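This is upload-v8.pdb (PDB, C-alpha atoms, pLDDT in the B column).
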```pdb
MODEL        1
ATOM      1  CA  MET A   1     126.572-121.113 151.049  1.00 47.00           C
ATOM      2  CA  ILE A   2     124.920-118.703 153.460  1.00 61.00           C
ATOM      3  CA  ALA A   3     127.126-116.717 155.819  1.00 66.00           C
ATOM      4  CA  LYS A   4     125.960-116.654 159.440  1.00 75.00           C
ATOM      5  CA  LYS A   5     126.532-113.453 161.329  1.00 77.00           C
ATOM      6  CA  SER A   6     126.629-115.254 164.680  1.00 80.00           C
ATOM      7  CA  VAL A   7     129.546-117.401 163.508  1.00 81.00           C
ATOM      8  CA  ILE A   8     131.450-114.514 161.948  1.00 81.00           C
ATOM      9  CA  LYS A   9     130.983-112.379 165.098  1.00 83.00           C
ATOM     10  CA  GLU A  10     132.965-114.919 167.109  1.00 84.00           C
ATOM     11  CA  LEU A  11     136.064-114.511 164.916  1.00 85.00           C
ATOM     12  CA  ASP A  12     138.947-112.312 165.983  1.00 85.00           C
ATOM     13  CA  ASP A  13     139.822-109.047 164.210  1.00 82.00           C
ATOM     14  CA  GLN A  14     142.798-110.509 162.364  1.00 84.00           C
ATOM     15  CA  THR A  15     140.657-113.289 160.835  1.00 84.00           C
ATOM     16  CA  LEU A  16     137.961-110.781 159.920  1.00 82.00           C
ATOM     17  CA  GLN A  17     140.581-108.696 158.120  1.00 81.00           C
ATOM     18  CA  THR A  18     141.236-111.650 155.825  1.00 84.00           C
ATOM     19  CA  TYR A  19     137.517-111.642 154.980  1.00 79.00           C
ATOM     20  CA  ILE A  20     137.538-108.053 153.775  1.00 79.00           C
ATOM     21  CA  ASP A  21     140.649-108.450 151.683  1.00 77.00           C
ATOM     22  CA  SER A  22     139.821-107.943 147.999  1.00 72.00           C
ATOM     23  CA  LYS A  23     141.564-111.226 147.155  1.00 78.00           C
ATOM     24  CA  SER A  24     139.746-113.347 149.720  1.00 80.00           C
ATOM     25  CA  ARG A  25     137.658-116.277 148.523  1.00 83.00           C
ATOM     26  CA  PHE A  26     134.796-115.791 150.958  1.00 81.00           C
ATOM     27  CA  THR A  27     131.309-114.993 149.709  1.00 82.00           C
ATOM     28  CA  ASP A  28     130.361-111.347 149.232  1.00 78.00           C
ATOM     29  CA  GLU A  29     127.767-111.717 151.977  1.00 81.00           C
ATOM     30  CA  ALA A  30     130.422-113.004 154.411  1.00 82.00           C
ATOM     31  CA  LYS A  31     132.723-110.121 153.491  1.00 81.00           C
ATOM     32  CA  ILE A  32     129.996-107.561 154.180  1.00 81.00           C
ATOM     33  CA  ILE A  33     129.119-109.196 157.513  1.00 84.00           C
ATOM     34  CA  ALA A  34     132.802-109.225 158.510  1.00 83.00           C
ATOM     35  CA  TYR A  35     132.993-105.528 157.632  1.00 82.00           C
ATOM     36  CA  GLU A  36     129.915-104.763 159.768  1.00 84.00           C
ATOM     37  CA  VAL A  37     131.378-106.694 162.716  1.00 85.00           C
ATOM     38  CA  LEU A  38     134.635-104.774 162.406  1.00 84.00           C
ATOM     39  CA  VAL A  39     132.686-101.477 162.325  1.00 84.00           C
ATOM     40  CA  GLU A  40     130.975-102.487 165.585  1.00 87.00           C
ATOM     41  CA  ARG A  41     134.439-103.129 167.061  1.00 85.00           C
ATOM     42  CA  ASN A  42     135.644 -99.647 165.939  1.00 85.00           C
ATOM     43  CA  TYR A  43     138.248-101.045 163.551  1.00 82.00           C
ATOM     44  CA  ASN A  44     140.221 -98.474 161.509  1.00 82.00           C
ATOM     45  CA  PHE A  45     139.837 -99.337 157.825  1.00 80.00           C
ATOM     46  CA  THR A  46     142.153 -98.406 155.011  1.00 82.00           C
ATOM     47  CA  ASN A  47     140.739 -96.427 152.102  1.00 84.00           C
ATOM     48  CA  GLU A  48     141.198 -99.498 149.901  1.00 82.00           C
ATOM     49  CA  GLN A  49     139.134-101.654 152.273  1.00 80.00           C
ATOM     50  CA  ILE A  50     136.356 -99.058 152.478  1.00 81.00           C
ATOM     51  CA  SER A  51     136.118 -98.668 148.699  1.00 84.00           C
ATOM     52  CA  PHE A  52     136.158-102.454 148.248  1.00 81.00           C
ATOM     53  CA  ILE A  53     133.288-102.958 150.712  1.00 81.00           C
ATOM     54  CA  ASN A  54     131.303-100.082 149.183  1.00 83.00           C
ATOM     55  CA  GLU A  55     131.699-101.696 145.781  1.00 84.00           C
ATOM     56  CA  LEU A  56     130.474-105.020 147.217  1.00 79.00           C
ATOM     57  CA  LYS A  57     127.432-103.317 148.748  1.00 79.00           C
ATOM     58  CA  ASN A  58     126.609-101.568 145.468  1.00 80.00           C
ATOM     59  CA  ASN A  59     126.861-104.848 143.572  1.00 77.00           C
ATOM     60  CA  LYS A  60     124.630-106.524 146.161  1.00 73.00           C
ATOM     61  CA  ASN A  61     122.011-103.760 145.834  1.00 70.00           C
ATOM     62  CA  LYS A  62     122.035-104.011 142.030  1.00 68.00           C
ATOM     63  CA  LEU A  63     121.636-107.785 142.241  1.00 63.00           C
ATOM     64  CA  GLU A  64     118.707-107.460 144.661  1.00 61.00           C
ATOM     65  CA  ILE A  65     116.968-105.044 142.289  1.00 58.00           C
ATOM     66  CA  GLU A  66     117.547-107.359 139.316  1.00 56.00           C
ATOM     67  CA  THR A  67     116.219-110.404 141.169  1.00 57.00           C
ATOM     68  CA  LYS A  68     113.215-108.689 142.701  1.00 65.00           C
ATOM     69  CA  LYS A  69     110.846-111.300 144.007  1.00 77.00           C
ATOM     70  CA  VAL A  70     107.454-111.663 142.398  1.00 83.00           C
ATOM     71  CA  HIS A  71     104.399-113.308 143.900  1.00 87.00           C
ATOM     72  CA  PRO A  72     104.364-117.089 143.245  1.00 91.00           C
ATOM     73  CA  ASN A  73     101.030-116.771 141.428  1.00 92.00           C
ATOM     74  CA  TYR A  74     102.789-114.841 138.648  1.00 93.00           C
ATOM     75  CA  LEU A  75     105.178-117.742 138.203  1.00 93.00           C
ATOM     76  CA  ILE A  76     102.384-120.327 138.197  1.00 94.00           C
ATOM     77  CA  ALA A  77     100.351-118.313 135.694  1.00 95.00           C
ATOM     78  CA  ALA A  78     103.370-117.910 133.402  1.00 95.00           C
ATOM     79  CA  ARG A  79     103.967-121.675 133.496  1.00 96.00           C
ATOM     80  CA  LEU A  80     100.321-122.394 132.693  1.00 96.00           C
ATOM     81  CA  ILE A  81     100.427-119.990 129.753  1.00 95.00           C
ATOM     82  CA  SER A  82     103.643-121.626 128.524  1.00 95.00           C
ATOM     83  CA  ILE A  83     102.102-125.105 128.794  1.00 95.00           C
ATOM     84  CA  SER A  84      99.082-123.873 126.844  1.00 94.00           C
ATOM     85  CA  LEU A  85     101.420-122.508 124.174  1.00 93.00           C
ATOM     86  CA  LEU A  86     103.346-125.775 124.034  1.00 93.00           C
ATOM     87  CA  LEU A  87     100.111-127.733 123.563  1.00 92.00           C
ATOM     88  CA  GLY A  88      99.151-125.436 120.694  1.00 88.00           C
ATOM     89  CA  ILE A  89     102.543-125.835 119.023  1.00 87.00           C
ATOM     90  CA  LEU A  90     102.454-129.623 119.354  1.00 88.00           C
ATOM     91  CA  ASN A  91      98.909-129.704 118.018  1.00 85.00           C
ATOM     92  CA  SER A  92      99.962-127.644 114.979  1.00 80.00           C
ATOM     93  CA  ILE A  93     102.957-129.881 114.314  1.00 80.00           C
ATOM     94  CA  PHE A  94     101.121-133.185 114.601  1.00 80.00           C
ATOM     95  CA  SER A  95      97.869-132.207 112.890  1.00 75.00           C
ATOM     96  CA  ASN A  96      99.570-131.506 109.535  1.00 69.00           C
ATOM     97  CA  LYS A  97      96.960-128.858 108.782  1.00 69.00           C
ATOM     98  CA  VAL A  98      99.453-126.094 107.944  1.00 65.00           C
ATOM     99  CA  GLU A  99      99.906-125.854 104.195  1.00 71.00           C
ATOM    100  CA  LEU A 100     100.373-122.210 103.193  1.00 74.00           C
ATOM    101  CA  ILE A 101     103.298-119.952 104.077  1.00 77.00           C
ATOM    102  CA  GLU A 102     100.806-117.400 105.449  1.00 78.00           C
ATOM    103  CA  GLU A 103      99.646-119.969 108.007  1.00 76.00           C
ATOM    104  CA  TYR A 104     103.243-120.412 109.186  1.00 79.00           C
ATOM    105  CA  ILE A 105     103.578-116.655 109.578  1.00 86.00           C
ATOM    106  CA  VAL A 106     100.393-116.513 111.666  1.00 83.00           C
ATOM    107  CA  ILE A 107     101.639-119.390 113.840  1.00 82.00           C
ATOM    108  CA  ILE A 108     105.027-117.726 114.375  1.00 88.00           C
ATOM    109  CA  PHE A 109     103.366-114.395 115.224  1.00 92.00           C
ATOM    110  CA  THR A 110     100.991-116.107 117.655  1.00 89.00           C
ATOM    111  CA  VAL A 111     103.810-118.009 119.352  1.00 90.00           C
ATOM    112  CA  LEU A 112     105.858-114.831 119.760  1.00 94.00           C
ATOM    113  CA  PHE A 113     102.824-112.942 121.080  1.00 93.00           C
ATOM    114  CA  VAL A 114     102.073-115.596 123.700  1.00 93.00           C
ATOM    115  CA  LEU A 115     105.765-115.815 124.661  1.00 94.00           C
ATOM    116  CA  VAL A 116     105.792-112.062 125.317  1.00 95.00           C
ATOM    117  CA  ILE A 117     102.645-112.395 127.428  1.00 94.00           C
ATOM    118  CA  ALA A 118     104.165-115.264 129.435  1.00 94.00           C
ATOM    119  CA  TYR A 119     107.398-113.275 129.899  1.00 94.00           C
ATOM    120  CA  LEU A 120     105.549-110.181 131.143  1.00 93.00           C
ATOM    121  CA  VAL A 121     103.455-112.266 133.516  1.00 93.00           C
ATOM    122  CA  ARG A 122     106.651-113.962 134.759  1.00 92.00           C
ATOM    123  CA  LYS A 123     108.133-110.529 135.480  1.00 90.00           C
ATOM    124  CA  GLY A 124     105.121-109.645 137.641  1.00 88.00           C
ATOM    125  CA  ILE A 125     103.549-107.020 135.385  1.00 89.00           C
ATOM    126  CA  ASN A 126     100.175-106.503 137.041  1.00 88.00           C
ATOM    127  CA  PHE A 127      98.122-105.154 134.128  1.00 91.00           C
ATOM    128  CA  MET A 128      98.701-108.356 132.134  1.00 92.00           C
ATOM    129  CA  LYS A 129      95.844-109.983 134.032  1.00 93.00           C
ATOM    130  CA  TYR A 130      93.415-107.522 132.444  1.00 95.00           C
ATOM    131  CA  ILE A 131      94.860-108.063 128.977  1.00 94.00           C
ATOM    132  CA  LEU A 132      94.663-111.826 129.416  1.00 94.00           C
ATOM    133  CA  LEU A 133      91.090-111.603 130.690  1.00 95.00           C
ATOM    134  CA  PHE A 134      90.077-109.459 127.712  1.00 95.00           C
ATOM    135  CA  LEU A 135      91.763-111.810 125.213  1.00 93.00           C
ATOM    136  CA  PHE A 136      90.208-114.840 126.880  1.00 94.00           C
ATOM    137  CA  ILE A 137      86.682-113.376 126.817  1.00 95.00           C
ATOM    138  CA  VAL A 138      86.972-112.255 123.186  1.00 94.00           C
ATOM    139  CA  GLY A 139      88.523-115.558 122.098  1.00 90.00           C
ATOM    140  CA  THR A 140      85.903-117.595 123.927  1.00 91.00           C
ATOM    141  CA  PHE A 141      83.055-115.456 122.546  1.00 92.00           C
ATOM    142  CA  PHE A 142      84.161-116.011 118.940  1.00 91.00           C
ATOM    143  CA  SER A 143      85.136-119.659 119.276  1.00 89.00           C
ATOM    144  CA  ILE A 144      82.169-121.084 121.218  1.00 89.00           C
ATOM    145  CA  PRO A 145      79.900-121.245 118.117  1.00 89.00           C
ATOM    146  CA  PHE A 146      82.540-123.246 116.216  1.00 89.00           C
ATOM    147  CA  LEU A 147      83.565-125.568 119.060  1.00 87.00           C
ATOM    148  CA  PRO A 148      80.931-128.284 118.431  1.00 90.00           C
ATOM    149  CA  LEU A 149      81.894-128.390 114.748  1.00 88.00           C
ATOM    150  CA  LEU A 150      85.604-128.566 115.645  1.00 84.00           C
ATOM    151  CA  ILE A 151      84.985-131.421 118.085  1.00 87.00           C
ATOM    152  CA  GLU A 152      82.939-133.286 115.473  1.00 90.00           C
ATOM    153  CA  LEU A 153      85.407-132.877 112.584  1.00 87.00           C
ATOM    154  CA  LYS A 154      88.715-132.875 114.488  1.00 86.00           C
ATOM    155  CA  PRO A 155      88.193-134.238 118.003  1.00 88.00           C
ATOM    156  CA  ILE A 156      91.869-133.997 118.970  1.00 88.00           C
ATOM    157  CA  ASP A 157      92.017-130.326 117.970  1.00 87.00           C
ATOM    158  CA  GLY A 158      88.810-129.673 119.925  1.00 88.00           C
ATOM    159  CA  PHE A 159      90.163-131.470 122.986  1.00 91.00           C
ATOM    160  CA  VAL A 160      93.449-129.515 122.811  1.00 90.00           C
ATOM    161  CA  TYR A 161      91.496-126.252 122.479  1.00 90.00           C
ATOM    162  CA  ILE A 162      89.440-127.071 125.584  1.00 93.00           C
ATOM    163  CA  ILE A 163      92.574-127.973 127.583  1.00 94.00           C
ATOM    164  CA  GLN A 164      94.285-124.753 126.450  1.00 93.00           C
ATOM    165  CA  SER A 165      91.232-122.717 127.466  1.00 93.00           C
ATOM    166  CA  ILE A 166      91.164-124.348 130.901  1.00 95.00           C
ATOM    167  CA  LEU A 167      94.894-123.676 131.412  1.00 95.00           C
ATOM    168  CA  GLN A 168      94.471-120.039 130.383  1.00 94.00           C
ATOM    169  CA  LEU A 169      91.446-119.587 132.630  1.00 95.00           C
ATOM    170  CA  VAL A 170      93.306-121.054 135.603  1.00 96.00           C
ATOM    171  CA  ALA A 171      96.261-118.740 134.856  1.00 95.00           C
ATOM    172  CA  ILE A 172      93.911-115.744 134.861  1.00 95.00           C
ATOM    173  CA  ILE A 173      92.369-116.883 138.145  1.00 95.00           C
ATOM    174  CA  PHE A 174      95.831-117.181 139.721  1.00 94.00           C
ATOM    175  CA  LEU A 175      96.639-113.645 138.568  1.00 93.00           C
ATOM    176  CA  PHE A 176      93.462-112.226 140.081  1.00 93.00           C
ATOM    177  CA  LEU A 177      94.115-114.052 143.379  1.00 92.00           C
ATOM    178  CA  ILE A 178      97.288-112.044 144.000  1.00 87.00           C
ATOM    179  CA  PRO A 179      96.696-109.823 147.040  1.00 85.00           C
ATOM    180  CA  LYS A 180      96.437-106.087 146.392  1.00 77.00           C
ATOM    181  CA  LYS A 181      99.100-105.272 148.992  1.00 68.00           C
ATOM    182  CA  ILE A 182     101.791-106.964 146.868  1.00 51.00           C
ATOM    183  CA  LYS A 183     103.609-104.208 144.992  1.00 53.00           C
ATOM    184  CA  PRO A 184     103.505-105.116 141.285  1.00 51.00           C
ATOM    185  CA  ASN A 185     106.242-104.202 138.827  1.00 54.00           C
ATOM    186  CA  ASN A 186     104.233-101.795 136.645  1.00 52.00           C
TER     187      ASN A 186
ENDMDL
END
```

Target encoding C-alpha cells, full file:
Amino acid sequence: MIAKKSVIKELDDQTLQTYIDSKSRFTDEAKIIAYEVLVERNYNFTNEQISFINELKNNKNKLEIETKKVHPNYLIAARLISISLLLGILNSIFSNKVELIEEYIVIIFTVLFVLVIAYLVRKGINFMKYILLFLFIVGTFFSIPFLPLLIELKPIDGFVYIIQSILQLVAIIFLFLIPKKIKPNN
C-alpha cells in the first residue's frame, strides 16, 4: 500500500508519533513521511526515534539501489532470448538426436552460456548488445550454408532454428533501440 503524504500531513502530532515508533505496523514509507511532517512542525525527537528513522532511510536507499530500474527493452530482449533458449531445449529433448555424453555436455554448456547472457541483458548491461550482435552475425554466417540441408533432412529442426534466429534478431533490435541518454549498468 502506498502512503500518501497529503493524508499523513493532516494527522495530529500524537498520531504521527505512533507512526515513528519502532514497533508500529505502518509501512516504512509512511513512517518516513510521518517523520518528515514532524520535522516540518519542529517536533523534538528522541535519540531512539532519530536512529530508527535513519536506519529506515538507509534501508530504503539500499533497496532502491538493489532494484534499480532498467529500460523495458532490456526486459523484453531478455525474455526473447529466454524463449529462444527454451525452444532450443525443447527441440533437443523431442528430436532424440543426442546420443553421446559429449553432446550432453555441449548442450549444458550452451544452456548455461545463454542463461548468463539473458541474465546480463535483464540486469541492463549495455555492452551485451554488441556481444549478442557479434554472436548472431558469426552464427548466421556459419549456419546459412547448412540451413537448406537442415530444412530438407529435418524440417522441424530447421523451422525451430529460423524461429530462434528471428527471436534473437528481434532481441538485438530492442537492445539497440534503447536511447543513449538512459544510463546503463556497466

To test your reading of the syntax: which residues would the PyMOL selection byres ((chain A and resi 75) around 12) return for the file shown? Reply as a PyMOL selection string. chain A and resi 69-74+76-82+118-125+171-172+174-175+178

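The gap separating atom CA of Tyr161 of chain A from atom CA of Ile131 of chain A is 19.6 Å, in Å to one decimal.
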
Residues matched by the PyMOL selection byres ((chain A and resi 1-18) around 7) as a list in words: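 After applying the PyMOL selection byres ((chain A and resi 1-18) around 7), what remains is Tyr19, Ile20, Asp21, Ser24, Glu29, Ala30, Ile33, Ala34, Val37 and Leu38 of chain A.
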
Shell of 8 Å around segment 42-58 of chain A, only C-alpha atoms, local chain residues under 5 positions omitted, as a list in words: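 Answer for this query is Ile20, Asp21, Ser22, Asp28, Lys31, Ile32 and Tyr35 of chain A.
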
Counting only C-alpha atoms, which residue out of A:Leu86, A:Val170, A:Ile156, A:Val39 sits closest to Leu133 of chain A?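 Looking at the shortest contact to Leu133 of chain A, the residue is A:Val170.
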
Can you pull out every residue within 8 Å of Gln164 of chain A, counting all atoms listed in the file, but drop anything in the same chain fewer than 6 positions away, and send it as a ChimeraX atom specification? /A:84-85,87-88

Mind pulling up the distance from atom CA of Glu103 of chain A to atom CA of Phe134 of chain A?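 Here the two named atoms are 24.3 Å from each other.
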
Please report, as lines of an AutoDock Vina configuration file, the centre and edge lengths in Å to one decimal of an axis-aligned box covering all listed atoms of segment 36-49 of chain A with 8 Å per side.
```
center_x = 136.0
center_y = -101.6
center_z = 158.5
size_x = 28.2
size_y = 26.3
size_z = 33.2
```

I'd like the contact shell of Ile108 of chain A - 12 Å cut-off, all atoms listed in the file, skipping same-chain residues fewer than 6 positions apart - returned as a PyMOL selection string. chain A and resi 85+88-89+92+98+101-102+114-115

Generate the output file for the selected residues, C-alpha atoms, as a PDB file, keeping the file's coordinate frame.
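Result written to out.pdb:
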```
ATOM      1  CA  LEU A  85     101.420-122.508 124.174  1.00 93.00           C
ATOM      2  CA  GLY A  88      99.151-125.436 120.694  1.00 88.00           C
ATOM      3  CA  ILE A  89     102.543-125.835 119.023  1.00 87.00           C
ATOM      4  CA  SER A  92      99.962-127.644 114.979  1.00 80.00           C
ATOM      5  CA  VAL A  98      99.453-126.094 107.944  1.00 65.00           C
ATOM      6  CA  ILE A 101     103.298-119.952 104.077  1.00 77.00           C
ATOM      7  CA  GLU A 102     100.806-117.400 105.449  1.00 78.00           C
ATOM      8  CA  VAL A 114     102.073-115.596 123.700  1.00 93.00           C
ATOM      9  CA  LEU A 115     105.765-115.815 124.661  1.00 94.00           C
TER      10      LEU A 115
END
```

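Nearest to Thr140 of chain A of all the residues A:Val111, A:Val106, A:Leu177, A:Leu169 is A:Leu169, counting only C-alpha atoms.
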
Just give me the gap between atom CA of Leu150 of chain A and atom CA of Leu132 of chain A in Å, one decimal is fine.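 So the two atoms, atom CA of Leu150 of chain A and atom CA of Leu132 of chain A, lie 23.5 Å apart.
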
Rebuild segment 33-55 of chain A so that it carries N, CA, C and O atoms, then output the result as a PDB file, in the coordinates of the input.
```
ATOM      1  N   ILE A  33     129.374-108.938 156.088  1.00 84.00           N
ATOM      2  CA  ILE A  33     129.119-109.196 157.513  1.00 84.00           C
ATOM      3  C   ILE A  33     130.395-108.965 158.323  1.00 84.00           C
ATOM      4  O   ILE A  33     130.358-108.349 159.402  1.00 84.00           O
ATOM      5  N   ALA A  34     131.532-109.438 157.806  1.00 83.00           N
ATOM      6  CA  ALA A  34     132.802-109.225 158.510  1.00 83.00           C
ATOM      7  C   ALA A  34     133.086-107.729 158.651  1.00 83.00           C
ATOM      8  O   ALA A  34     133.527-107.266 159.714  1.00 83.00           O
ATOM      9  N   TYR A  35     132.813-106.986 157.592  1.00 82.00           N
ATOM     10  CA  TYR A  35     132.993-105.528 157.632  1.00 82.00           C
ATOM     11  C   TYR A  35     132.110-104.907 158.722  1.00 82.00           C
ATOM     12  O   TYR A  35     132.586-104.079 159.514  1.00 82.00           O
ATOM     13  N   GLU A  36     130.838-105.317 158.773  1.00 84.00           N
ATOM     14  CA  GLU A  36     129.915-104.763 159.768  1.00 84.00           C
ATOM     15  C   GLU A  36     130.354-105.098 161.192  1.00 84.00           C
ATOM     16  O   GLU A  36     130.235-104.269 162.103  1.00 84.00           O
ATOM     17  N   VAL A  37     130.890-106.301 161.389  1.00 85.00           N
ATOM     18  CA  VAL A  37     131.378-106.694 162.716  1.00 85.00           C
ATOM     19  C   VAL A  37     132.584-105.842 163.097  1.00 85.00           C
ATOM     20  O   VAL A  37     132.694-105.362 164.236  1.00 85.00           O
ATOM     21  N   LEU A  38     133.464-105.612 162.127  1.00 84.00           N
ATOM     22  CA  LEU A  38     134.635-104.774 162.406  1.00 84.00           C
ATOM     23  C   LEU A  38     134.224-103.326 162.691  1.00 84.00           C
ATOM     24  O   LEU A  38     134.857-102.651 163.506  1.00 84.00           O
ATOM     25  N   VAL A  39     133.193-102.831 162.045  1.00 84.00           N
ATOM     26  CA  VAL A  39     132.686-101.477 162.325  1.00 84.00           C
ATOM     27  C   VAL A  39     132.193-101.405 163.773  1.00 84.00           C
ATOM     28  O   VAL A  39     132.471-100.437 164.488  1.00 84.00           O
ATOM     29  N   GLU A  40     131.469-102.438 164.195  1.00 87.00           N
ATOM     30  CA  GLU A  40     130.975-102.487 165.585  1.00 87.00           C
ATOM     31  C   GLU A  40     132.136-102.485 166.581  1.00 87.00           C
ATOM     32  O   GLU A  40     132.003-101.982 167.694  1.00 87.00           O
ATOM     33  N   ARG A  41     133.263-103.050 166.175  1.00 85.00           N
ATOM     34  CA  ARG A  41     134.439-103.129 167.061  1.00 85.00           C
ATOM     35  C   ARG A  41     135.347-101.913 166.904  1.00 85.00           C
ATOM     36  O   ARG A  41     136.487-101.912 167.386  1.00 85.00           O
ATOM     37  N   ASN A  42     134.885-100.897 166.157  1.00 85.00           N
ATOM     38  CA  ASN A  42     135.644 -99.647 165.939  1.00 85.00           C
ATOM     39  C   ASN A  42     136.994 -99.876 165.262  1.00 85.00           C
ATOM     40  O   ASN A  42     137.998 -99.246 165.617  1.00 85.00           O
ATOM     41  N   TYR A  43     137.030-100.760 164.306  1.00 82.00           N
ATOM     42  CA  TYR A  43     138.248-101.045 163.551  1.00 82.00           C
ATOM     43  C   TYR A  43     138.535 -99.874 162.609  1.00 82.00           C
ATOM     44  O   TYR A  43     137.619 -99.281 162.036  1.00 82.00           O
ATOM     45  N   ASN A  44     139.816 -99.535 162.438  1.00 82.00           N
ATOM     46  CA  ASN A  44     140.221 -98.474 161.509  1.00 82.00           C
ATOM     47  C   ASN A  44     140.533 -99.098 160.154  1.00 82.00           C
ATOM     48  O   ASN A  44     141.513 -99.834 160.008  1.00 82.00           O
ATOM     49  N   PHE A  45     139.705 -98.774 159.165  1.00 80.00           N
ATOM     50  CA  PHE A  45     139.837 -99.337 157.825  1.00 80.00           C
ATOM     51  C   PHE A  45     140.740 -98.478 156.961  1.00 80.00           C
ATOM     52  O   PHE A  45     140.797 -97.259 157.121  1.00 80.00           O
ATOM     53  N   THR A  46     141.403 -99.145 156.024  1.00 82.00           N
ATOM     54  CA  THR A  46     142.153 -98.406 155.011  1.00 82.00           C
ATOM     55  C   THR A  46     141.169 -97.923 153.948  1.00 82.00           C
ATOM     56  O   THR A  46     140.051 -98.429 153.829  1.00 82.00           O
ATOM     57  N   ASN A  47     141.594 -96.936 153.177  1.00 84.00           N
ATOM     58  CA  ASN A  47     140.739 -96.427 152.102  1.00 84.00           C
ATOM     59  C   ASN A  47     140.429 -97.523 151.090  1.00 84.00           C
ATOM     60  O   ASN A  47     139.325 -97.589 150.546  1.00 84.00           O
ATOM     61  N   GLU A  48     141.389 -98.389 150.847  1.00 82.00           N
ATOM     62  CA  GLU A  48     141.198 -99.498 149.901  1.00 82.00           C
ATOM     63  C   GLU A  48     140.105-100.453 150.407  1.00 82.00           C
ATOM     64  O   GLU A  48     139.251-100.886 149.634  1.00 82.00           O
ATOM     65  N   GLN A  49     140.142-100.766 151.698  1.00 80.00           N
ATOM     66  CA  GLN A  49     139.134-101.654 152.273  1.00 80.00           C
ATOM     67  C   GLN A  49     137.737-101.027 152.216  1.00 80.00           C
ATOM     68  O   GLN A  49     136.760-101.695 151.877  1.00 80.00           O
ATOM     69  N   ILE A  50     137.648 -99.751 152.501  1.00 81.00           N
ATOM     70  CA  ILE A  50     136.356 -99.058 152.478  1.00 81.00           C
ATOM     71  C   ILE A  50     135.790 -99.039 151.061  1.00 81.00           C
ATOM     72  O   ILE A  50     134.608 -99.336 150.846  1.00 81.00           O
ATOM     73  N   SER A  51     136.617 -98.707 150.088  1.00 84.00           N
ATOM     74  CA  SER A  51     136.118 -98.668 148.699  1.00 84.00           C
ATOM     75  C   SER A  51     135.736-100.065 148.213  1.00 84.00           C
ATOM     76  O   SER A  51     134.751-100.222 147.480  1.00 84.00           O
ATOM     77  N   PHE A  52     136.487-101.077 148.640  1.00 81.00           N
ATOM     78  CA  PHE A  52     136.158-102.454 148.248  1.00 81.00           C
ATOM     79  C   PHE A  52     134.805-102.872 148.815  1.00 81.00           C
ATOM     80  O   PHE A  52     133.950-103.421 148.102  1.00 81.00           O
ATOM     81  N   ILE A  53     134.562-102.593 150.078  1.00 81.00           N
ATOM     82  CA  ILE A  53     133.288-102.958 150.712  1.00 81.00           C
ATOM     83  C   ILE A  53     132.135-102.158 150.105  1.00 81.00           C
ATOM     84  O   ILE A  53     131.053-102.710 149.864  1.00 81.00           O
ATOM     85  N   ASN A  54     132.362-100.881 149.817  1.00 83.00           N
ATOM     86  CA  ASN A  54     131.303-100.082 149.183  1.00 83.00           C
ATOM     87  C   ASN A  54     130.945-100.639 147.805  1.00 83.00           C
ATOM     88  O   ASN A  54     129.770-100.676 147.433  1.00 83.00           O
ATOM     89  N   GLU A  55     131.941-101.079 147.094  1.00 84.00           N
ATOM     90  CA  GLU A  55     131.699-101.696 145.781  1.00 84.00           C
ATOM     91  C   GLU A  55     130.891-102.990 145.935  1.00 84.00           C
ATOM     92  O   GLU A  55     129.962-103.254 145.173  1.00 84.00           O
TER      93      GLU A  55
END
```
